[in-house]
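Colleague: Data file final-v2.csv (CSV, C-alpha atoms) is appended below.
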```
chain,number,residue,atom,x,y,z
A,869,MET,CA,245.1,-92.8,49.7
A,870,PHE,CA,248.5,-100.3,52.4
A,871,LYS,CA,251.3,-109.0,50.0
A,872,PRO,CA,251.3,-106.5,47.0
A,873,PHE,CA,249.8,-103.5,48.9
A,874,PRO,CA,249.3,-103.5,52.7
A,875,PHE,CA,245.8,-102.8,53.7
A,876,LEU,CA,246.4,-99.5,55.3
A,877,LEU,CA,246.9,-97.9,51.9
A,878,ALA,CA,243.1,-97.9,52.1
A,879,LEU,CA,243.4,-95.0,54.5
A,880,ALA,CA,244.0,-92.7,51.7
A,881,GLY,CA,242.0,-94.4,49.1
A,882,ALA,CA,244.4,-96.8,47.3
A,883,ALA,CA,244.4,-94.2,44.6
A,884,SER,CA,245.6,-95.1,41.1
A,885,MET,CA,249.3,-95.8,41.0
A,886,ALA,CA,249.6,-94.9,37.3
A,887,PRO,CA,252.4,-92.6,36.4
A,888,LEU,CA,251.5,-88.9,36.7
A,889,ALA,CA,252.9,-86.9,33.8
A,890,GLN,CA,252.1,-83.3,34.7
A,891,ALA,CA,254.9,-81.1,36.1
A,892,GLN,CA,253.9,-79.8,39.5
A,893,ASP,CA,253.9,-76.0,40.3
A,894,ALA,CA,253.3,-75.3,44.0
A,895,ALA,CA,253.0,-71.5,43.3
A,896,ALA,CA,250.3,-72.1,40.8
A,897,GLY,CA,248.6,-74.5,43.2
A,898,GLN,CA,248.4,-71.7,45.8
A,899,ARG,CA,246.1,-69.8,43.4
A,900,LYS,CA,243.8,-72.8,43.0
A,901,VAL,CA,242.9,-73.7,46.6
A,902,ALA,CA,239.6,-71.9,46.9
A,903,MET,CA,237.5,-75.1,46.9
A,904,CYS,CA,239.9,-76.8,49.3
A,905,ILE,CA,240.2,-74.4,52.2
A,906,GLY,CA,236.6,-74.5,53.3
A,907,CYS,CA,237.3,-77.9,54.8
A,908,HIS,CA,241.0,-78.7,54.8
A,909,GLY,CA,241.9,-75.2,55.9
A,910,ILE,CA,240.0,-75.3,59.1
A,911,PRO,CA,241.7,-77.3,61.9
A,912,GLY,CA,239.4,-79.8,63.4
A,913,TYR,CA,236.6,-79.2,60.8
A,914,GLN,CA,234.1,-82.1,60.7
A,915,ALA,CA,232.3,-83.6,57.8
A,916,SER,CA,229.0,-85.3,58.2
A,917,PHE,CA,229.1,-87.7,55.2
A,918,PRO,CA,229.0,-90.6,55.3
A,919,GLU,CA,229.2,-90.1,59.1
A,920,VAL,CA,230.6,-87.4,61.3
A,921,HIS,CA,234.3,-87.4,61.2
A,922,LYS,CA,237.2,-84.9,60.9
A,923,VAL,CA,238.3,-84.1,57.4
A,924,PRO,CA,241.8,-85.4,56.7
A,925,MET,CA,244.9,-83.3,57.2
A,926,ILE,CA,246.6,-82.9,53.9
A,927,SER,CA,249.2,-80.2,54.5
A,928,GLY,CA,252.5,-82.0,54.5
A,929,GLN,CA,251.2,-85.1,52.6
A,930,ASN,CA,253.1,-86.6,49.7
A,931,ALA,CA,252.2,-84.7,46.5
A,932,LYS,CA,252.3,-87.8,44.3
A,933,PHE,CA,249.7,-89.4,46.6
A,934,LEU,CA,247.5,-86.4,46.7
A,935,GLU,CA,247.5,-86.1,43.0
A,936,ALA,CA,246.6,-89.8,42.5
A,937,SER,CA,243.8,-89.4,45.1
A,938,LEU,CA,242.2,-86.6,43.2
A,939,GLN,CA,242.4,-88.6,40.0
A,940,ALA,CA,240.7,-91.5,41.8
A,941,TYR,CA,237.8,-89.3,42.9
A,942,LYS,CA,237.4,-88.0,39.3
A,943,LYS,CA,237.4,-91.5,37.9
A,944,GLY,CA,234.9,-92.7,40.5
A,945,GLU,CA,237.3,-95.1,42.2
A,946,ARG,CA,236.6,-93.2,45.3
A,947,LYS,CA,233.0,-92.4,45.9
A,948,HIS,CA,232.2,-89.2,47.8
A,949,PRO,CA,229.8,-86.8,46.2
A,950,THR,CA,231.5,-83.6,47.3
A,951,MET,CA,235.0,-84.7,46.5
A,952,LYS,CA,233.9,-86.2,43.2
A,953,ALA,CA,232.3,-83.0,42.1
A,954,ILE,CA,235.4,-81.0,43.1
A,955,ALA,CA,237.8,-83.4,41.3
A,956,ALA,CA,235.6,-83.4,38.2
A,957,SER,CA,236.1,-79.6,37.9
A,958,LEU,CA,239.9,-79.9,38.0
A,959,SER,CA,242.3,-80.5,35.1
A,960,ASP,CA,245.2,-82.9,35.4
A,961,GLN,CA,247.4,-79.8,35.7
A,962,ASP,CA,245.3,-78.4,38.5
A,963,MET,CA,245.6,-81.6,40.5
A,964,ALA,CA,249.3,-81.7,40.0
A,965,ASP,CA,249.7,-78.0,41.2
A,966,LEU,CA,247.4,-78.4,44.2
A,967,ALA,CA,249.2,-81.6,45.3
A,968,ALA,CA,252.6,-79.8,45.1
A,969,TYR,CA,251.2,-76.9,47.1
A,970,TYR,CA,249.8,-79.0,49.9
A,971,GLU,CA,253.0,-81.1,50.1
A,972,LYS,CA,254.9,-77.9,51.0
A,973,HIS,CA,252.2,-76.1,52.9
A,974,GLY,CA,252.8,-75.8,56.6
A,975,GLN,CA,256.2,-77.5,56.5
A,976,SER,CA,257.8,-74.7,58.5
A,977,SER,CA,255.5,-75.7,61.4
A,978,VAL,CA,256.7,-79.3,61.4
A,979,LYS,CA,259.3,-80.0,64.1
A,980,THR,CA,261.4,-83.1,64.5
A,981,VAL,CA,259.0,-86.1,64.7
A,982,ALA,CA,259.4,-88.1,67.9
A,983,ALA,CA,259.7,-91.8,67.8
A,984,ALA,CA,256.4,-93.6,67.8
A,985,PRO,CA,255.3,-95.3,71.0
A,986,ALA,CA,255.0,-99.1,70.8
A,987,PRO,CA,251.5,-100.4,70.1
A,988,SER,CA,249.8,-102.9,72.4
A,989,ALA,CA,250.3,-106.5,71.7
A,990,GLU,CA,246.8,-106.7,70.2
A,991,VAL,CA,247.4,-103.8,67.8
A,992,ALA,CA,250.9,-105.0,66.9
A,993,ALA,CA,249.4,-108.3,65.8
A,994,LEU,CA,246.9,-106.5,63.6
A,995,LEU,CA,249.5,-104.3,62.1
A,996,THR,CA,251.6,-107.3,61.3
A,997,LYS,CA,248.6,-109.1,59.8
A,998,GLY,CA,248.1,-106.1,57.5
A,999,ASN,CA,251.8,-105.9,56.7
A,1000,CYS,CA,251.3,-102.1,57.1
A,1001,ALA,CA,254.9,-100.9,57.7
A,1002,SER,CA,256.1,-102.5,54.4
A,1003,CYS,CA,254.6,-99.6,52.5
A,1004,HIS,CA,254.0,-96.8,55.1
A,1005,GLY,CA,257.5,-97.1,56.5
A,1006,ALA,CA,259.2,-96.3,59.7
A,1007,ASP,CA,256.6,-95.2,62.4
A,1008,PHE,CA,254.1,-94.8,59.5
A,1009,ASN,CA,255.7,-91.5,58.7
A,1010,LYS,CA,258.1,-92.4,55.9
A,1011,PRO,CA,256.4,-94.4,53.1
A,1012,ILE,CA,258.7,-96.4,50.9
A,1013,ASP,CA,257.4,-94.3,47.9
A,1014,ALA,CA,255.7,-91.0,47.6
A,1015,SER,CA,252.7,-92.7,46.0
A,1016,TYR,CA,251.9,-94.0,49.5
A,1017,PRO,CA,250.5,-91.7,52.2
A,1018,LYS,CA,251.9,-90.6,55.4
A,1019,ILE,CA,249.4,-91.7,58.0
A,1020,ALA,CA,251.0,-91.1,61.4
A,1021,GLY,CA,248.9,-88.6,63.4
A,1022,GLN,CA,246.1,-88.5,60.9
A,1023,HIS,CA,242.7,-88.1,62.5
A,1024,ALA,CA,241.7,-91.5,63.9
A,1025,ASP,CA,238.0,-91.1,63.1
A,1026,TYR,CA,238.9,-90.3,59.5
A,1027,LEU,CA,241.2,-93.3,59.3
A,1028,PHE,CA,238.4,-95.5,60.5
A,1029,VAL,CA,235.9,-94.2,58.0
A,1030,ALA,CA,238.5,-94.6,55.2
A,1031,LEU,CA,239.3,-98.2,56.2
A,1032,LYS,CA,235.6,-99.1,56.4
A,1033,SER,CA,235.0,-97.6,52.9
A,1034,TYR,CA,236.7,-100.7,51.4
A,1035,GLN,CA,234.1,-102.9,53.0
A,1036,ILE,CA,231.3,-101.2,51.1
A,1037,GLU,CA,230.0,-102.7,47.8
A,1038,SER,CA,227.5,-101.6,45.2
A,1039,ASN,CA,226.8,-98.2,46.7
A,1040,PRO,CA,227.0,-95.4,44.1
A,1041,ARG,CA,227.7,-92.7,46.7
A,1042,VAL,CA,230.0,-94.3,49.3
A,1043,GLY,CA,233.0,-96.6,49.2
A,1044,ARG,CA,236.3,-97.0,47.6
A,1045,GLY,CA,236.7,-99.4,44.7
A,1046,ASN,CA,240.0,-101.4,44.8
A,1047,ALA,CA,239.8,-105.2,44.7
A,1048,ILE,CA,243.2,-105.7,46.4
A,1049,MET,CA,242.4,-103.3,49.2
A,1050,ALA,CA,238.9,-104.6,49.7
A,1051,GLY,CA,240.3,-108.1,50.1
A,1052,GLN,CA,242.7,-107.0,52.7
A,1053,VAL,CA,240.4,-104.9,54.8
A,1054,LYS,CA,237.6,-107.5,54.8
A,1055,GLN,CA,239.9,-109.7,56.9
A,1056,PHE,CA,239.3,-107.3,59.8
A,1057,LYS,CA,236.3,-106.7,62.1
A,1058,GLN,CA,235.3,-103.0,62.4
A,1059,SER,CA,236.4,-103.1,66.0
A,1060,GLU,CA,239.9,-104.1,64.8
A,1061,LEU,CA,240.0,-101.4,62.2
A,1062,LYS,CA,239.0,-98.9,64.9
A,1063,ALA,CA,241.8,-100.1,67.1
A,1064,ILE,CA,244.3,-99.7,64.3
A,1065,ALA,CA,243.0,-96.2,63.4
A,1066,LYS,CA,243.2,-95.1,67.0
A,1067,TYR,CA,246.8,-96.2,67.4
A,1068,ILE,CA,248.0,-94.7,64.1
A,1069,GLY,CA,246.1,-91.5,64.8
A,1070,SER,CA,247.9,-91.2,68.2
A,1071,LEU,CA,251.4,-91.2,66.6
A,1072,PRO,CA,253.5,-88.1,66.1
A,1073,GLY,CA,253.4,-87.1,62.5
A,1074,GLU,CA,254.1,-84.5,59.9
A,1075,LEU,CA,250.5,-83.9,58.7
A,1076,ARG,CA,248.8,-80.6,59.5
A,1077,SER,CA,245.6,-78.7,59.1
A,1078,VAL,CA,246.9,-75.2,58.6
A,1079,PRO,CA,244.4,-72.3,58.8
A,1080,GLN,CA,243.7,-70.6,55.5
A,1081,SER,CA,241.7,-67.5,54.9
A,1082,LYS,CA,239.2,-67.2,52.1
A,1083,PHE,CA,240.3,-63.5,51.8
A,1084,ARG,CA,243.6,-63.8,50.0
```
Since I need it in another form, could you write the structure as structure tokens?
Modeller:
Amino acid sequence: MFKPFPFLLALAGAASMAPLAQAQDAAAGQRKVAMCIGCHGIPGYQASFPEVHKVPMISGQNAKFLEASLQAYKKGERKHPTMKAIAASLSDQDMADLAAYYEKHGQSSVKTVAAAPAPSAEVAALLTKGNCASCHGADFNKPIDASYPKIAGQHADYLFVALKSYQIESNPRVGRGNAIMAGQVKQFKQSELKAIAKYIGSLPGELRSVPQSKFR
């Protein structure tokens, strides 16, 4: 889940960047997705906590980032009751396998990504202030390292909720705890975060919500 880290890493939670030792097995991950598909396997599915927003697309996301994000939920660095409970039930190997599976999942449906349209002058200034492209890369689709998320085309309402989460303090159920990211995001008004999220969500990207049946 964005100077040393640009603020948009908050979009995906600024998950722990500690080395991840487990070997990843995508085939094993395919057998472990039962708890994931109820939300992430339904295109356009909306969550209602902490407010109504589309759940993030994770098919095609960087495995290293997904694994670190699950670890962050388990450790309580990301606060979300449902995700924390799911992550708590997973072993380190489970997380590595699931991350590998979702990185590959749906790749056959990804076509060549078109060049991103230029942002407005206002949004360009905000992106520069956040130093976003230095980690998320060209058109926000090619992060400089797999520990950073692809964010182009992600649901704008989810991006906005994720950004705002770093402005929340002392709440046991909501928020994302990372001092660096909180300091970055607190530079921005919510209206500015919404403008950034709207632009990045409008970009062509590689992320997908791929339908998955519970009957496998």
Colleague: From the set A:Glu1074, A:Ile1036, A:Val1042, A:Lys943, which residue has the shortest atom-to-atom contact distance to Lys1054 of chain A, counting all atoms listed in the file?
Modeller: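 Once distances to Lys1054 of chain A are computed over all atoms listed in the file, the minimum belongs to A:Ile1036.
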Colleague: Under the rule that only C-alpha atoms are counted, which of A:Leu1031, A:Ile1064, A:Ala894, A:Ala940 is the nearest residue to Gly1051 of chain A?
Modeller: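 The closest residue to Gly1051 of chain A is A:Leu1031.
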Colleague: With all atoms listed in the file as the atoms that count, which of A:Val920, A:Ala983, A:Leu958, A:Ala1047 lies nearest to Glu945 of chain A?
Modeller: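 Closest residue, counting all atoms listed in the file: A:Ala1047.
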Colleague: So, counting all atoms listed in the file, which residue among A:Cys904, A:Ile1048, A:Ala1065, A:Val1029 is closest to Pro918 of chain A?
Modeller: A:Val1029
Colleague: What's around Leu995 of chain A at 12 Å? Count all atoms listed in the file, leave out sequence neighbours fewer than 4 positions away in its own chain, and write the answer as a PDB file with C-alpha atoms, keeping the file's coordinate frame.
Modeller:
```
ATOM      1  CA  PHE A 870     248.500-100.300  52.400  1.00  0.00           C
ATOM      2  CA  PRO A 874     249.300-103.500  52.700  1.00  0.00           C
ATOM      3  CA  PHE A 875     245.800-102.800  53.700  1.00  0.00           C
ATOM      4  CA  LEU A 876     246.400 -99.500  55.300  1.00  0.00           C
ATOM      5  CA  ALA A 986     255.000 -99.100  70.800  1.00  0.00           C
ATOM      6  CA  PRO A 987     251.500-100.400  70.100  1.00  0.00           C
ATOM      7  CA  SER A 988     249.800-102.900  72.400  1.00  0.00           C
ATOM      8  CA  ALA A 989     250.300-106.500  71.700  1.00  0.00           C
ATOM      9  CA  GLU A 990     246.800-106.700  70.200  1.00  0.00           C
ATOM     10  CA  VAL A 991     247.400-103.800  67.800  1.00  0.00           C
ATOM     11  CA  ASN A 999     251.800-105.900  56.700  1.00  0.00           C
ATOM     12  CA  CYS A1000     251.300-102.100  57.100  1.00  0.00           C
ATOM     13  CA  ALA A1001     254.900-100.900  57.700  1.00  0.00           C
ATOM     14  CA  SER A1002     256.100-102.500  54.400  1.00  0.00           C
ATOM     15  CA  CYS A1003     254.600 -99.600  52.500  1.00  0.00           C
ATOM     16  CA  HIS A1004     254.000 -96.800  55.100  1.00  0.00           C
ATOM     17  CA  ASP A1007     256.600 -95.200  62.400  1.00  0.00           C
ATOM     18  CA  PHE A1008     254.100 -94.800  59.500  1.00  0.00           C
ATOM     19  CA  GLN A1052     242.700-107.000  52.700  1.00  0.00           C
ATOM     20  CA  VAL A1053     240.400-104.900  54.800  1.00  0.00           C
ATOM     21  CA  PHE A1056     239.300-107.300  59.800  1.00  0.00           C
ATOM     22  CA  GLU A1060     239.900-104.100  64.800  1.00  0.00           C
ATOM     23  CA  LEU A1061     240.000-101.400  62.200  1.00  0.00           C
ATOM     24  CA  ALA A1063     241.800-100.100  67.100  1.00  0.00           C
ATOM     25  CA  ILE A1064     244.300 -99.700  64.300  1.00  0.00           C
ATOM     26  CA  ALA A1065     243.000 -96.200  63.400  1.00  0.00           C
ATOM     27  CA  TYR A1067     246.800 -96.200  67.400  1.00  0.00           C
ATOM     28  CA  ILE A1068     248.000 -94.700  64.100  1.00  0.00           C
TER      29      ILE A1068
END
```
Colleague: What is the atom CA of Gln1022 of chain A-atom CA of Ala964 of chain A distance in Å, reported with one decimal?
Modeller: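 One can read the atom CA of Gln1022 of chain A to atom CA of Ala964 of chain A distance as 22.2 Å.
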Colleague: So how far away is atom CA of His1023 of chain A from atom CA of Val923 of chain A, in Å?
Modeller: 7.8 Å
Colleague: In Å to one decimal, how far is atom CA of Ala1050 of chain A from atom CA of Ser1038 of chain A?
Modeller: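 Value for the atom CA of Ser1038 of chain A-atom CA of Ala1050 of chain A distance: 12.6 Å.
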Colleague: Between A:Ser916, A:Ile926, A:Arg1041, A:Asp893, which residue has the minimum interatomic distance to Gln975 of chain A, considering all atoms listed in the file?
Modeller: A:Ile926
Colleague: So, counting only C-alpha atoms, which residue among A:Pro1079, A:Gly1069, A:Gly974, A:Gly1005 is closest to Asp1025 of chain A?
Modeller: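 Closest to Asp1025 of chain A of all the choices is A:Gly1069.
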Colleague: Tell me which protein, DNA and RNA residues are within 12 Å of Pro949 of chain A, counting all atoms listed in the file, leaving out same-chain ones fewer than 6 positions away, and put them as a PyMOL selection string.
Modeller: chain A and resi 917-918+941-942+955-956+1039-1043
Colleague: Excluding Pro924 of chain A and its own-chain neighbours fewer than 4 positions away, which residues fall within 9 Å of it when counting all atoms listed in the file? Please give them as a PyMOL selection string.
Modeller: chain A and resi 907-908+1022-1023+1026-1027+1076-1077
Colleague: From (246.8, -80.4, 45.4), in the file's coordinates, out to 12 Å: which residues are reached, counting all atoms listed in the file? Answer as a PyMOL selection string.
Modeller: chain A and resi 892-905+908+926-939+954-955+958-973
Colleague: Could you rebuild segment 909-942 of chain A with N, CA and C atoms and give me the result as an mmCIF file, in the coordinates of the input?
Modeller:
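See result.cif below for the written result:
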```cif
data_model
loop_
_atom_site.group_PDB
_atom_site.id
_atom_site.type_symbol
_atom_site.label_atom_id
_atom_site.label_comp_id
_atom_site.auth_asym_id
_atom_site.auth_seq_id
_atom_site.Cartn_x
_atom_site.Cartn_y
_atom_site.Cartn_z
ATOM 1 N N GLY A 909 241.250 -76.297 55.301
ATOM 2 C CA GLY A 909 241.900 -75.200 55.900
ATOM 3 C C GLY A 909 241.400 -74.747 57.238
ATOM 4 N N ILE A 910 240.580 -75.600 57.833
ATOM 5 C CA ILE A 910 240.000 -75.300 59.100
ATOM 6 C C ILE A 910 240.391 -76.430 60.102
ATOM 7 N N PRO A 911 241.326 -76.202 61.004
ATOM 8 C CA PRO A 911 241.700 -77.300 61.900
ATOM 9 C C PRO A 911 240.544 -77.841 62.702
ATOM 10 N N GLY A 912 240.428 -79.154 62.704
ATOM 11 C CA GLY A 912 239.400 -79.800 63.400
ATOM 12 C C GLY A 912 238.009 -79.804 62.765
ATOM 13 N N TYR A 913 237.937 -79.304 61.531
ATOM 14 C CA TYR A 913 236.600 -79.200 60.800
ATOM 15 C C TYR A 913 236.090 -80.641 60.635
ATOM 16 N N GLN A 914 234.771 -80.776 60.848
ATOM 17 C CA GLN A 914 234.100 -82.100 60.700
ATOM 18 C C GLN A 914 233.195 -82.158 59.555
ATOM 19 N N ALA A 915 233.282 -83.272 58.859
ATOM 20 C CA ALA A 915 232.300 -83.600 57.800
ATOM 21 C C ALA A 915 231.212 -84.413 58.373
ATOM 22 N N SER A 916 230.094 -84.471 57.675
ATOM 23 C CA SER A 916 229.000 -85.300 58.200
ATOM 24 C C SER A 916 228.588 -86.401 57.231
ATOM 25 N N PHE A 917 229.375 -86.610 56.190
ATOM 26 C CA PHE A 917 229.100 -87.700 55.200
ATOM 27 C C PHE A 917 230.314 -88.548 55.063
ATOM 28 N N PRO A 918 230.201 -89.840 55.077
ATOM 29 C CA PRO A 918 229.000 -90.600 55.300
ATOM 30 C C PRO A 918 228.627 -90.761 56.778
ATOM 31 N N GLU A 919 229.459 -90.227 57.641
ATOM 32 C CA GLU A 919 229.200 -90.100 59.100
ATOM 33 C C GLU A 919 230.023 -88.966 59.577
ATOM 34 N N VAL A 920 229.782 -88.506 60.777
ATOM 35 C CA VAL A 920 230.600 -87.400 61.300
ATOM 36 C C VAL A 920 231.989 -87.809 61.577
ATOM 37 N N HIS A 921 232.926 -87.090 60.989
ATOM 38 C CA HIS A 921 234.300 -87.400 61.200
ATOM 39 C C HIS A 921 235.139 -86.131 60.789
ATOM 40 N N LYS A 922 236.326 -85.997 61.321
ATOM 41 C CA LYS A 922 237.200 -84.900 60.900
ATOM 42 C C LYS A 922 237.689 -85.088 59.511
ATOM 43 N N VAL A 923 237.739 -84.007 58.752
ATOM 44 C CA VAL A 923 238.300 -84.100 57.400
ATOM 45 C C VAL A 923 239.788 -84.359 57.514
ATOM 46 N N PRO A 924 240.371 -85.087 56.575
ATOM 47 C CA PRO A 924 241.800 -85.400 56.700
ATOM 48 C C PRO A 924 242.710 -84.226 56.612
ATOM 49 N N MET A 925 243.779 -84.295 57.347
ATOM 50 C CA MET A 925 244.900 -83.300 57.200
ATOM 51 C C MET A 925 245.639 -83.620 55.954
ATOM 52 N N ILE A 926 245.828 -82.618 55.107
ATOM 53 C CA ILE A 926 246.600 -82.900 53.900
ATOM 54 C C ILE A 926 247.805 -81.990 53.717
ATOM 55 N N SER A 927 247.966 -80.961 54.544
ATOM 56 C CA SER A 927 249.200 -80.200 54.500
ATOM 57 C C SER A 927 250.358 -81.044 54.969
ATOM 58 N N GLY A 928 251.386 -81.167 54.130
ATOM 59 C CA GLY A 928 252.500 -82.000 54.500
ATOM 60 C C GLY A 928 252.430 -83.406 53.878
ATOM 61 N N GLN A 929 251.306 -83.740 53.234
ATOM 62 C CA GLN A 929 251.200 -85.100 52.600
ATOM 63 C C GLN A 929 251.957 -85.155 51.341
ATOM 64 N N ASN A 930 252.304 -86.364 50.939
ATOM 65 C CA ASN A 930 253.100 -86.600 49.700
ATOM 66 C C ASN A 930 252.282 -86.091 48.488
ATOM 67 N N ALA A 931 252.912 -85.268 47.651
ATOM 68 C CA ALA A 931 252.200 -84.700 46.500
ATOM 69 C C ALA A 931 251.794 -85.791 45.514
ATOM 70 N N LYS A 932 252.636 -86.753 45.291
ATOM 71 C CA LYS A 932 252.300 -87.800 44.300
ATOM 72 C C LYS A 932 251.048 -88.556 44.783
ATOM 73 N N PHE A 933 250.930 -88.777 46.073
ATOM 74 C CA PHE A 933 249.700 -89.400 46.600
ATOM 75 C C PHE A 933 248.498 -88.568 46.474
ATOM 76 N N LEU A 934 248.617 -87.281 46.824
ATOM 77 C CA LEU A 934 247.500 -86.400 46.700
ATOM 78 C C LEU A 934 246.961 -86.277 45.307
ATOM 79 N N GLU A 935 247.869 -86.187 44.371
ATOM 80 C CA GLU A 935 247.500 -86.100 43.000
ATOM 81 C C GLU A 935 246.720 -87.352 42.530
ATOM 82 N N ALA A 936 247.247 -88.506 42.890
ATOM 83 C CA ALA A 936 246.600 -89.800 42.500
ATOM 84 C C ALA A 936 245.232 -89.891 43.198
ATOM 85 N N SER A 937 245.113 -89.376 44.414
ATOM 86 C CA SER A 937 243.800 -89.400 45.100
ATOM 87 C C SER A 937 242.770 -88.607 44.407
ATOM 88 N N LEU A 938 243.142 -87.401 43.970
ATOM 89 C CA LEU A 938 242.200 -86.600 43.200
ATOM 90 C C LEU A 938 241.784 -87.253 41.920
ATOM 91 N N GLN A 939 242.730 -87.878 41.262
ATOM 92 C CA GLN A 939 242.400 -88.600 40.000
ATOM 93 C C GLN A 939 241.406 -89.737 40.339
ATOM 94 N N ALA A 940 241.579 -90.397 41.484
ATOM 95 C CA ALA A 940 240.700 -91.500 41.800
ATOM 96 C C ALA A 940 239.259 -90.997 42.090
ATOM 97 N N TYR A 941 239.117 -89.827 42.695
ATOM 98 C CA TYR A 941 237.800 -89.300 42.900
ATOM 99 C C TYR A 941 237.161 -88.924 41.505
ATOM 100 N N LYS A 942 237.961 -88.357 40.629
ATOM 101 C CA LYS A 942 237.400 -88.000 39.300
ATOM 102 C C LYS A 942 236.988 -89.190 38.522
#
```
